[in-house]
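Before any comments, here is the structure.
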Amino acid sequence: MQMMNAIVKPALGPGLELRQVPVPAPGPGEVLIKVHKTAICGTDVHIYNWDPWAQLHIKQPMTIGHEYVGEIAELGAGVTGLQVGQRVSGEGHITCGHCRNCHTGNIQWCKNTSSVGVDRDGAFAEYVCIPASNVILIDESLPEDVVAFFDAVGNAAHTALMWDLVGEDVLITGAGPIGIIAAGICKYAGARRVIITDVNDYRLELARKMGVDAAVNTAKEDLPTIMKEQKLAEGFDVGLEMSGNGGAFRQMCSVMRNGGKISLLGLGNKPIEVDMNDIICKGLTLQGIYGRKMDNWHQMSYMVQGGLDLTPVITHRFHYTQFVEGFAAMNSGKSGKVVLDWTK
Ligand SMILES: NC(=O)c1ccc[n+]([C@@H]2O[C@H](COP(=O)([O-])OP(=O)(O)OC[C@H]3O[C@@H](n4cnc5c(N)ncnc54)[C@H](O)[C@@H]3O)[C@@H](O)[C@H]2O)c1
Ligand SMILES: [Zn+2]
Ligand SMILES: [Zn+2]
């Protein structure tokens, strides 16, 4: 049996282990991918830290990871239209294809989803195996360091592009990697002002590198004052909630204009309290966002080819054997995206 290195949750409890595990054999309709680069996602940090969410969801031993780019190494029986050697990434949500949402193309709402690196072996390994229908061809012109985290870009794009952005003023609460990527997308898509908030100065500085008009530390600065400086007369047209923090969401509702639109991506770890009167009397529209639309893989590629530079969000690059340093960087709060190299 051929063996490979993989980053595995070995047993109940915090941490991960680099282990030798069998190279998966692609079954009928599956594709084996040789991994080139991976990126660490907040979900992986939950699994690493073994928080209550991870304790409920993760079986062990399991290879984790779902943000990656690589090349096709082998095709399972019956796979057509793909070739060994093609550069690819993979949609991490494996959907049933038969429920009402799958039939209408809204796979992000499939009721039978299972996730790569959460429910089944993932991509923090020399090889990963996924269904052929989840394989995404990646053009050779795209930088692998960026494609490595297209999964997260997809969340950002889906959240941001839910609304018209041309000439609009956008508030993003939460300058984590996804908030920062969303800021770049909003500017690329033609927003007038993009203002981002956080309580972490390191991350606000990264957002400035991504070209935001203002990056506001709401623990120290007054958002309405900055809105005046930025000539926002009536409030924000569009809000993207990307912190999962109740205080940030309440503040967002308070500074939206009447008729404003909000998309909600941030997952909190507890229920939050909101003033419904703010939402009702302003006529706000709220849209929950889960995952990404399948077609936004193409949109992401074209935006990057069209000049959207996402490299400012990459703060750390490590060889995969140094994954502990990678997770330490993520846990420090002083990181954007952390990319792991599997090519050497
Ligand atoms: N719905 C989905 O499908 C989906 C997918 C991926 C991620 N998520 C969620 O989206 C969010 C963003 O992802 P990420 O990886 O960038 O997360 P992250 O945790 O790295 O970033 C969240 C940021 O919010 C900031 N924050 C905390 N309190 C704040 C406040 N009061 N005001 C403003 N900012 C505040 C934090 O300092 C942090 O920088 C997370 O909540 C994540 O769980 C949801
Ligand atoms: Zn992810
Ligand atoms: Zn389905």
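Here's how to read the names in the structure tokens: chain A, B, ... by the order shown, residue numbers from 1 in each chain, ligand numbers from 1 in the order shown.
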Within-8 Å residues of ligand 3, basis only C-alpha atoms and all ligand atoms, as a VMD selection string: chain A and resid 95 to 103 107 109 to 113
DSSP-assigned alpha helix (DSSP H) members of segment 111-147 of chain A, reported as a ChimeraX atom specification: /A:144-147
Neighbour list for segment 24-32 of chain A as a list of chain:residue names, cut-off 7 Å, only C-alpha atoms, skip fewer than 5 positions in-chain: A:Ile72, A:Ala73, A:Glu74, A:Leu75, A:Gly76, A:Ala77, A:Gly78, A:Val79, A:Tyr127, A:Val128, A:Cys129, A:Ile130, A:Pro131, A:Ala132
Would you write out those residues with N, CA and C atoms, as a PDB file, in the first residue's frame?
ATOM      1  N   ILE A  72      -4.489  16.862 -10.881  1.00  0.00           N
ATOM      2  CA  ILE A  72      -5.122  15.546 -10.920  1.00  0.00           C
ATOM      3  C   ILE A  72      -4.041  14.475 -11.046  1.00  0.00           C
ATOM      4  N   ALA A  73      -4.098  13.493 -10.122  1.00  0.00           N
ATOM      5  CA  ALA A  73      -3.106  12.413 -10.120  1.00  0.00           C
ATOM      6  C   ALA A  73      -3.677  11.125 -10.698  1.00  0.00           C
ATOM      7  N   GLU A  74      -4.979  10.917 -10.526  1.00  0.00           N
ATOM      8  CA  GLU A  74      -5.587   9.654 -10.980  1.00  0.00           C
ATOM      9  C   GLU A  74      -7.094   9.829 -11.087  1.00  0.00           C
ATOM     10  N   LEU A  75      -7.687   9.182 -12.093  1.00  0.00           N
ATOM     11  CA  LEU A  75      -9.145   9.232 -12.269  1.00  0.00           C
ATOM     12  C   LEU A  75      -9.748   7.891 -11.886  1.00  0.00           C
ATOM     13  N   GLY A  76     -10.822   7.930 -11.096  1.00  0.00           N
ATOM     14  CA  GLY A  76     -11.534   6.699 -10.762  1.00  0.00           C
ATOM     15  C   GLY A  76     -12.337   6.213 -11.965  1.00  0.00           C
ATOM     16  N   ALA A  77     -12.881   4.985 -11.862  1.00  0.00           N
ATOM     17  CA  ALA A  77     -13.642   4.391 -12.973  1.00  0.00           C
ATOM     18  C   ALA A  77     -14.800   5.304 -13.362  1.00  0.00           C
ATOM     19  N   GLY A  78     -14.994   5.459 -14.655  1.00  0.00           N
ATOM     20  CA  GLY A  78     -16.164   6.176 -15.165  1.00  0.00           C
ATOM     21  C   GLY A  78     -16.018   7.688 -15.216  1.00  0.00           C
ATOM     22  N   VAL A  79     -14.874   8.236 -14.769  1.00  0.00           N
ATOM     23  CA  VAL A  79     -14.725   9.703 -14.805  1.00  0.00           C
ATOM     24  C   VAL A  79     -14.335  10.125 -16.219  1.00  0.00           C
ATOM     25  N   TYR A 127      -2.105  13.821  -0.854  1.00  0.00           N
ATOM     26  CA  TYR A 127      -3.182  13.543  -1.816  1.00  0.00           C
ATOM     27  C   TYR A 127      -4.531  13.663  -1.129  1.00  0.00           C
ATOM     28  N   VAL A 128      -5.544  14.101  -1.909  1.00  0.00           N
ATOM     29  CA  VAL A 128      -6.926  14.116  -1.414  1.00  0.00           C
ATOM     30  C   VAL A 128      -7.819  13.531  -2.508  1.00  0.00           C
ATOM     31  N   CYS A 129      -8.873  12.857  -2.091  1.00  0.00           N
ATOM     32  CA  CYS A 129      -9.782  12.211  -3.037  1.00  0.00           C
ATOM     33  C   CYS A 129     -11.172  12.837  -2.893  1.00  0.00           C
ATOM     34  N   ILE A 130     -11.756  13.310  -4.024  1.00  0.00           N
ATOM     35  CA  ILE A 130     -13.093  13.921  -3.982  1.00  0.00           C
ATOM     36  C   ILE A 130     -13.920  13.446  -5.183  1.00  0.00           C
ATOM     37  N   PRO A 131     -15.255  13.605  -5.124  1.00  0.00           N
ATOM     38  CA  PRO A 131     -16.067  13.258  -6.297  1.00  0.00           C
ATOM     39  C   PRO A 131     -15.679  14.152  -7.487  1.00  0.00           C
ATOM     40  N   ALA A 132     -15.729  13.565  -8.687  1.00  0.00           N
ATOM     41  CA  ALA A 132     -15.342  14.315  -9.889  1.00  0.00           C
ATOM     42  C   ALA A 132     -16.173  15.585 -10.046  1.00  0.00           C
TER      43      ALA A 132
END
Non-local contacts of segment 221-236 of chain A (12 Å; only C-alpha atoms; under 5 positions in same chain excluded) as JSON, numbers by chain: {"A": [165, 167, 168, 169, 170, 171, 172, 173, 191, 192, 193, 194, 195, 196, 197, 198, 199, 201, 212, 213, 214, 215, 216, 248, 251, 252, 253, 254, 255, 256, 257, 258, 259, 260, 261, 262, 282, 284]}
Given only C-alpha atoms and all ligand atoms as the counted atoms, nearest of A:Tyr302, A:Phe124, A:Trp53, A:Tyr320 to ligand 1: A:Trp53
Selection: 10 Å around segment 268-276 of chain A, only C-alpha atoms, excl. self and same-chain fewer than 2 positions, as a PyMOL selection string: chain A and resi 52-53+242-247+249-251+253-254+265-266+278-282
At most 6 Å from ligand 2 (only C-alpha atoms and all ligand atoms): residue list as an MDAnalysis selection string: chainID A and resid 41 67 151:152
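All residues of protein, DNA or RNA that reach within 6 Å of segment 14-21 of chain A, judged by only C-alpha atoms and not counting those fewer than 3 positions away in the chain, are Met3, Met4, Asn5, Ala6, Ile7, Val8, Lys9, Tyr48, Asn49 and Trp50 of chain A.
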Spatial neighbours of Arg87 of chain A, max dist 9 Å, only C-alpha atoms, sep filter under 3 positions, as JSON, numbers by chain: {"A": [69, 70, 71, 72, 84, 136, 137, 138, 139, 140]}
